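Visitor: Supplied structure: final.txt, compact mmCIF, C-alpha atoms.
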```txt
# COMPACT_ATOMS: atom_id res chain seq x y z
CA MET A 10 0.95 -18.04 8.76
CA TRP A 11 0.53 -15.29 6.19
CA GLU A 12 0.55 -16.34 2.52
CA PRO A 13 2.15 -13.50 0.52
CA TYR A 14 -0.08 -11.74 -2.00
CA GLN A 15 2.43 -12.49 -4.76
CA LYS A 16 1.83 -16.20 -4.27
CA ARG A 17 -1.94 -15.71 -4.00
CA ASN A 18 -2.23 -13.36 -6.98
CA GLY A 19 0.43 -14.88 -9.20
CA ARG A 20 1.96 -11.50 -10.03
CA LEU A 21 4.39 -8.93 -8.70
CA PRO A 22 3.44 -6.23 -6.17
CA ASP A 23 2.38 -2.91 -7.70
CA PHE A 24 4.78 -0.57 -5.91
CA LEU A 25 6.99 -0.23 -2.84
CA VAL A 26 6.77 2.40 -0.10
CA GLU A 27 8.66 3.40 2.99
CA TYR A 28 6.08 4.05 5.72
CA ARG A 29 5.77 5.37 9.27
CA PHE A 30 2.68 4.88 11.42
CA PHE A 31 1.69 7.94 13.41
CA THR A 32 1.73 7.70 17.18
CA GLN A 33 -1.55 8.05 19.02
CA GLU A 34 -0.48 11.58 20.02
CA GLU A 35 -0.12 12.42 16.32
CA GLY A 36 -3.65 11.18 15.65
CA GLY A 37 -2.67 7.63 14.74
CA ARG A 38 -3.79 4.23 15.92
CA LYS A 39 -3.71 3.03 19.53
CA SER A 40 -1.70 -0.03 18.48
CA ARG A 41 0.20 -1.11 15.41
CA PRO A 42 -1.58 -3.48 13.04
CA PHE A 43 -0.73 -7.04 12.07
CA GLN A 44 0.15 -8.40 8.63
CA GLY A 45 -3.08 -8.54 6.62
CA TYR A 46 -4.04 -4.99 7.66
CA ARG A 47 -6.30 -3.39 5.05
CA SER A 48 -6.15 0.36 4.88
CA ASP A 49 -6.83 2.61 1.92
CA LEU A 50 -4.40 5.05 0.32
CA HIS A 51 -4.50 8.77 -0.43
CA TYR A 52 -1.92 10.65 -2.54
CA ASP A 53 -0.41 13.94 -1.47
CA GLY A 54 -1.65 16.79 -3.67
CA GLU A 55 -5.06 15.27 -4.37
CA ASP A 56 -8.30 16.58 -2.91
CA ILE A 57 -9.78 13.81 -0.80
CA ASN A 58 -13.26 15.16 -1.55
CA GLU A 59 -12.65 15.08 -5.32
CA GLN A 60 -10.40 12.08 -6.01
CA GLY A 61 -11.17 10.23 -2.78
CA ILE A 62 -9.13 7.34 -1.46
CA TYR A 63 -7.99 4.18 -3.21
CA CYS A 64 -8.30 0.49 -2.37
CA ILE A 65 -4.59 -0.22 -2.12
CA TRP A 66 -3.44 -2.58 0.62
CA PRO A 67 0.00 -2.72 2.22
CA GLU A 68 1.98 -5.92 2.76
CA PHE A 69 4.75 -5.33 5.27
CA LEU A 70 8.37 -6.40 4.86
CA ASN A 71 10.96 -7.29 7.49
CA GLU A 72 14.43 -5.72 7.72
CA ASP A 73 15.75 -8.26 5.17
CA GLY A 74 13.11 -7.20 2.61
CA ASP A 75 11.06 -10.38 2.93
CA VAL A 76 7.28 -10.40 3.46
CA ILE A 77 6.44 -10.79 7.16
CA THR A 78 4.60 -14.11 7.48
CA ASP A 79 3.87 -14.15 11.22
CA GLU A 80 0.33 -12.83 11.58
CA ASN A 81 0.56 -12.74 15.38
CA VAL A 82 3.13 -9.98 15.81
CA HIS A 83 2.60 -6.26 15.36
CA ILE A 84 4.30 -4.92 12.26
CA PRO A 85 7.10 -2.36 12.83
CA ARG A 86 6.12 1.28 13.40
CA SER A 87 8.17 2.14 10.32
CA GLY A 88 9.70 0.20 7.46
CA LYS A 89 8.92 -0.85 3.92
CA ALA A 90 5.77 -2.33 2.42
CA TYR A 91 4.65 -3.65 -0.92
CA MET A 92 1.43 -2.03 -2.10
CA TRP A 93 -1.33 -3.96 -3.87
CA ILE A 94 -4.01 -2.24 -5.96
CA LEU A 95 -7.31 -4.08 -5.53
CA PHE A 96 -8.85 -3.21 -8.89
CA PHE A 97 -5.56 -3.43 -10.77
CA ASP A 98 -6.89 -3.97 -14.30
CA GLU A 99 -9.19 -0.95 -14.03
CA MET A 100 -6.78 1.31 -12.12
CA TRP A 101 -3.25 0.44 -13.29
CA GLU A 102 -3.03 3.28 -15.79
CA TYR A 103 -4.13 5.91 -13.23
CA HIS A 104 -1.73 4.64 -10.58
CA SER A 105 1.16 4.16 -13.00
CA LYS A 106 0.94 7.93 -13.60
CA ASN A 107 0.39 8.86 -9.95
CA ALA A 108 2.35 6.38 -7.83
CA LYS A 109 5.69 7.91 -8.81
CA PRO A 110 8.88 7.46 -6.76
CA GLY A 111 9.28 10.32 -4.29
CA ARG A 112 5.54 11.03 -3.99
CA LYS A 113 4.10 11.18 -0.50
CA CYS A 114 0.93 9.29 0.37
CA TRP A 115 -0.97 8.16 3.45
CA PHE A 116 -2.51 4.97 4.78
CA MET A 117 -6.10 5.88 5.53
CA GLU A 118 -8.73 4.50 7.90
CA GLY A 119 -11.84 6.22 6.61
CA SER A 120 -10.95 9.91 6.42
CA ARG A 121 -8.18 9.60 9.05
CA LYS A 122 -4.50 9.49 8.12
CA VAL A 123 -2.81 6.81 10.23
CA ALA A 124 0.57 6.53 8.47
CA GLU A 125 2.67 8.51 6.07
CA ALA A 126 4.58 6.91 3.23
CA ILE A 127 6.92 7.78 0.40
CA ILE A 128 6.78 5.79 -2.82
CA ILE A 129 10.17 4.25 -3.49
CA GLU A 130 9.66 2.20 -6.62
CA GLN A 131 7.06 1.10 -9.13
CA ILE A 132 7.12 -2.66 -9.65
CA ALA A 133 4.16 -4.22 -11.50
CA LEU A 134 2.98 -0.75 -12.53
CA THR A 135 5.94 -0.44 -14.88
CA HIS A 136 5.68 -3.94 -16.32
CA TYR A 137 1.96 -4.32 -16.97
CA VAL A 138 0.68 -3.91 -20.51
CA LYS A 139 -3.08 -3.85 -20.87
CA THR A 140 -4.33 -5.99 -23.70
CA THR A 141 -7.44 -5.22 -25.67
CA LYS A 142 -10.10 -7.87 -26.10
CA SER A 143 -10.90 -8.81 -29.68
```
Could you rewrite the structure in this file as structure tokens?
Guide:
Amino acid sequence: MWEPYQKRNGRLPDFLVEYRFFTQEEGGRKSRPFQGYRSDLHYDGEDINEQGIYCIWPEFLNEDGDVITDENVHIPRSGKAYMWILFFDEMWEYHSKNAKPGRKCWFMEGSRKVAEAIIIEQIALTHYVKTTKS
């Protein structure tokens, strides 16, 4: 059984997207992934050779908006997912400016786009205040 990242990390997800995995004919995966899938993310409008891709993992939600906890079923081809920035403390400011609602992005496997997504809402990105160490 999948333990949601919010429980593991003790904080809210960073942002929410609506996603669609590409079919194999569109250049996507042969099969849909399971919960726990770890792709990277690339923002529309950025140069992949300049800015690169980001360590941001999806956590897929069911139709009721709850985290899918069954790790043995393929996630839906399309739906909503919470997004979790791996190096949050170092990257929150960058992503708070770039992960804006309405912006398109992609789930990446290496340099290959396997799913398209639209950012719906910032969650932890809007509530985090970085503190300075004294």
Visitor: Anything within 9 Å of (5.7, -9.4, -2.8): list those residues as a list of chain:residue names, counting all atoms listed in the file and sticking to the file's coordinates.
Guide: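 Residues with an atom close enough to that point: A:Pro13, A:Tyr14, A:Gln15, A:Lys16, A:Arg20, A:Leu21, A:Pro22, A:Asp23, A:Glu68, A:Leu70, A:Asp75, A:Val76, A:Ala90, A:Tyr91, A:Met92, A:Trp93.
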Visitor: Please produce, as a Markdown table, a per-residue contact table for region 69-91 of chain A versus region 38-46 of chain A (criterion: any atom at most 9 Å away, only C-alpha atoms considered), showing the nearest atom pair and its distance in Å to one decimal, sorted by chain then residue number.
Guide:
```
| residue | atom | partner | partner_atom | distance |
| --- | --- | --- | --- | --- |
| A:Phe69 | CA | A:Gln44 | CA | 6.5 |
| A:Ile77 | CA | A:Gln44 | CA | 6.9 |
| A:Thr78 | CA | A:Gln44 | CA | 7.3 |
| A:Asp79 | CA | A:Gln44 | CA | 7.3 |
| A:Glu80 | CA | A:Gln44 | CA | 5.3 |
| A:Asn81 | CA | A:Phe43 | CA | 6.7 |
| A:Val82 | CA | A:Phe43 | CA | 6.1 |
| A:His83 | CA | A:Phe43 | CA | 4.7 |
| A:Ile84 | CA | A:Phe43 | CA | 5.5 |
| A:Pro85 | CA | A:Arg41 | CA | 7.5 |
| A:Arg86 | CA | A:Arg41 | CA | 6.7 |
```
Visitor: Within 12 Å of (0.6, -4.1, -10.4) (coordinates as in the file), grab all the protein and nucleic acid residues, counting only C-alpha atoms, and write them out as number ranges by chain.
Guide: A: 14-15, 18-25, 65-66, 91-105, 108, 130-139
Visitor: Suppose you want the space between CA of Ile128 (chain A) and CA of Lys109 (chain A); what is it in Å?
Guide: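 Straight-line distance from CA of Ile128 (chain A) to CA of Lys109 (chain A) works out to 6.4 Å.
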Visitor: Which residue gives the smallest distance to Arg29 (chain A) among A:Lys89, A:Lys106, A:Arg112, A:Arg47, with only C-alpha atoms counted?
Guide: A:Lys89
Visitor: Which one is closest to Gly61 (chain A): A:Met117, A:Gln33, A:Val26, A:Arg17? Count only C-alpha atoms.
Guide: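 Ranking A:Met117, A:Gln33, A:Val26, A:Arg17 by distance to Gly61 (chain A), first place goes to A:Met117.
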Visitor: Interatomic distance between CA of Trp115 (chain A) and CA of Glu27 (chain A)?
Guide: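 Result for CA of Trp115 (chain A) versus CA of Glu27 (chain A): 10.8 Å, one decimal.
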Visitor: Starting from the incomplete input, reconstruct all heavy atoms of region 80-91 of chain A and write that as a PDB file, in the frame of the given file.
Guide:
```pdb
ATOM      1  N   GLU A  80       1.517 -13.681  11.435  1.00  0.00           N
ATOM      2  CA  GLU A  80       0.330 -12.830  11.580  1.00  0.00           C
ATOM      3  C   GLU A  80       0.035 -12.468  13.034  1.00  0.00           C
ATOM      4  O   GLU A  80      -0.914 -11.738  13.300  1.00  0.00           O
ATOM      5  CB  GLU A  80      -0.890 -13.547  11.006  1.00  0.00           C
ATOM      6  CG  GLU A  80      -0.806 -13.803   9.535  1.00  0.00           C
ATOM      7  CD  GLU A  80      -1.961 -14.633   9.017  1.00  0.00           C
ATOM      8  OE1 GLU A  80      -1.899 -15.874   9.133  1.00  0.00           O
ATOM      9  OE2 GLU A  80      -2.926 -14.035   8.508  1.00  0.00           O
ATOM     10  N   ASN A  81       0.837 -12.948  13.956  1.00  0.00           N
ATOM     11  CA  ASN A  81       0.560 -12.740  15.380  1.00  0.00           C
ATOM     12  C   ASN A  81       1.451 -11.713  16.036  1.00  0.00           C
ATOM     13  O   ASN A  81       1.401 -11.547  17.247  1.00  0.00           O
ATOM     14  CB  ASN A  81       0.681 -14.085  16.118  1.00  0.00           C
ATOM     15  CG  ASN A  81      -0.326 -15.085  15.603  1.00  0.00           C
ATOM     16  OD1 ASN A  81      -1.501 -14.784  15.477  1.00  0.00           O
ATOM     17  ND2 ASN A  81       0.145 -16.273  15.258  1.00  0.00           N
ATOM     18  N   VAL A  82       2.285 -11.033  15.255  1.00  0.00           N
ATOM     19  CA  VAL A  82       3.130  -9.980  15.810  1.00  0.00           C
ATOM     20  C   VAL A  82       2.773  -8.659  15.144  1.00  0.00           C
ATOM     21  O   VAL A  82       2.454  -8.624  13.958  1.00  0.00           O
ATOM     22  CB  VAL A  82       4.640 -10.277  15.645  1.00  0.00           C
ATOM     23  CG1 VAL A  82       5.034 -11.525  16.398  1.00  0.00           C
ATOM     24  CG2 VAL A  82       5.032 -10.390  14.196  1.00  0.00           C
ATOM     25  N   HIS A  83       2.847  -7.593  15.921  1.00  0.00           N
ATOM     26  CA  HIS A  83       2.600  -6.260  15.360  1.00  0.00           C
ATOM     27  C   HIS A  83       3.695  -5.945  14.344  1.00  0.00           C
ATOM     28  O   HIS A  83       4.854  -6.263  14.555  1.00  0.00           O
ATOM     29  CB  HIS A  83       2.605  -5.193  16.447  1.00  0.00           C
ATOM     30  CG  HIS A  83       1.451  -5.295  17.388  1.00  0.00           C
ATOM     31  ND1 HIS A  83       0.200  -4.824  17.079  1.00  0.00           N
ATOM     32  CD2 HIS A  83       1.366  -5.815  18.631  1.00  0.00           C
ATOM     33  CE1 HIS A  83      -0.611  -5.051  18.092  1.00  0.00           C
ATOM     34  NE2 HIS A  83       0.066  -5.651  19.049  1.00  0.00           N
ATOM     35  N   ILE A  84       3.301  -5.303  13.261  1.00  0.00           N
ATOM     36  CA  ILE A  84       4.300  -4.920  12.260  1.00  0.00           C
ATOM     37  C   ILE A  84       5.100  -3.734  12.836  1.00  0.00           C
ATOM     38  O   ILE A  84       4.631  -3.033  13.744  1.00  0.00           O
ATOM     39  CB  ILE A  84       3.642  -4.588  10.896  1.00  0.00           C
ATOM     40  CG1 ILE A  84       2.578  -3.497  11.008  1.00  0.00           C
ATOM     41  CG2 ILE A  84       3.004  -5.825  10.311  1.00  0.00           C
ATOM     42  CD1 ILE A  84       3.119  -2.170  10.684  1.00  0.00           C
ATOM     43  N   PRO A  85       6.294  -3.481  12.317  1.00  0.00           N
ATOM     44  CA  PRO A  85       7.100  -2.360  12.830  1.00  0.00           C
ATOM     45  C   PRO A  85       6.397  -1.011  12.633  1.00  0.00           C
ATOM     46  O   PRO A  85       5.622  -0.844  11.696  1.00  0.00           O
ATOM     47  CB  PRO A  85       8.372  -2.428  11.976  1.00  0.00           C
ATOM     48  CG  PRO A  85       8.437  -3.830  11.476  1.00  0.00           C
ATOM     49  CD  PRO A  85       7.007  -4.260  11.309  1.00  0.00           C
ATOM     50  N   ARG A  86       6.703  -0.069  13.512  1.00  0.00           N
ATOM     51  CA  ARG A  86       6.120   1.280  13.400  1.00  0.00           C
ATOM     52  C   ARG A  86       6.535   1.931  12.080  1.00  0.00           C
ATOM     53  O   ARG A  86       5.792   2.702  11.498  1.00  0.00           O
ATOM     54  CB  ARG A  86       6.557   2.158  14.573  1.00  0.00           C
ATOM     55  CG  ARG A  86       5.959   3.564  14.486  1.00  0.00           C
ATOM     56  CD  ARG A  86       6.039   4.361  15.750  1.00  0.00           C
ATOM     57  NE  ARG A  86       5.454   3.755  16.918  1.00  0.00           N
ATOM     58  CZ  ARG A  86       4.148   3.640  17.166  1.00  0.00           C
ATOM     59  NH1 ARG A  86       3.283   4.082  16.281  1.00  0.00           N
ATOM     60  NH2 ARG A  86       3.715   3.093  18.267  1.00  0.00           N
ATOM     61  N   SER A  87       7.726   1.603  11.606  1.00  0.00           N
ATOM     62  CA  SER A  87       8.170   2.140  10.320  1.00  0.00           C
ATOM     63  C   SER A  87       8.956   1.057   9.586  1.00  0.00           C
ATOM     64  O   SER A  87       9.474   0.122  10.199  1.00  0.00           O
ATOM     65  CB  SER A  87       9.039   3.381  10.528  1.00  0.00           C
ATOM     66  OG  SER A  87      10.195   3.058  11.271  1.00  0.00           O
ATOM     67  N   GLY A  88       8.998   1.190   8.273  1.00  0.00           N
ATOM     68  CA  GLY A  88       9.700   0.200   7.460  1.00  0.00           C
ATOM     69  C   GLY A  88       9.260   0.311   6.015  1.00  0.00           C
ATOM     70  O   GLY A  88       8.843   1.375   5.557  1.00  0.00           O
ATOM     71  N   LYS A  89       9.310  -0.815   5.320  1.00  0.00           N
ATOM     72  CA  LYS A  89       8.920  -0.850   3.920  1.00  0.00           C
ATOM     73  C   LYS A  89       7.736  -1.799   3.743  1.00  0.00           C
ATOM     74  O   LYS A  89       7.578  -2.751   4.503  1.00  0.00           O
ATOM     75  CB  LYS A  89      10.085  -1.304   3.038  1.00  0.00           C
ATOM     76  CG  LYS A  89      11.200  -0.281   3.022  1.00  0.00           C
ATOM     77  CD  LYS A  89      12.329  -0.705   2.125  1.00  0.00           C
ATOM     78  CE  LYS A  89      13.421   0.381   2.154  1.00  0.00           C
ATOM     79  NZ  LYS A  89      14.586  -0.041   1.388  1.00  0.00           N
ATOM     80  N   ALA A  90       6.935  -1.507   2.715  1.00  0.00           N
ATOM     81  CA  ALA A  90       5.770  -2.330   2.420  1.00  0.00           C
ATOM     82  C   ALA A  90       5.534  -2.365   0.923  1.00  0.00           C
ATOM     83  O   ALA A  90       5.695  -1.347   0.240  1.00  0.00           O
ATOM     84  CB  ALA A  90       4.522  -1.790   3.124  1.00  0.00           C
ATOM     85  N   TYR A  91       5.172  -3.551   0.440  1.00  0.00           N
ATOM     86  CA  TYR A  91       4.650  -3.650  -0.920  1.00  0.00           C
ATOM     87  C   TYR A  91       3.225  -3.130  -0.892  1.00  0.00           C
ATOM     88  O   TYR A  91       2.511  -3.301   0.097  1.00  0.00           O
ATOM     89  CB  TYR A  91       4.609  -5.108  -1.385  1.00  0.00           C
ATOM     90  CG  TYR A  91       5.945  -5.735  -1.680  1.00  0.00           C
ATOM     91  CD1 TYR A  91       6.216  -7.033  -1.289  1.00  0.00           C
ATOM     92  CD2 TYR A  91       6.931  -5.050  -2.390  1.00  0.00           C
ATOM     93  CE1 TYR A  91       7.423  -7.637  -1.585  1.00  0.00           C
ATOM     94  CE2 TYR A  91       8.142  -5.639  -2.684  1.00  0.00           C
ATOM     95  CZ  TYR A  91       8.391  -6.939  -2.278  1.00  0.00           C
ATOM     96  OH  TYR A  91       9.583  -7.531  -2.577  1.00  0.00           O
TER      97      TYR A  91
END
```
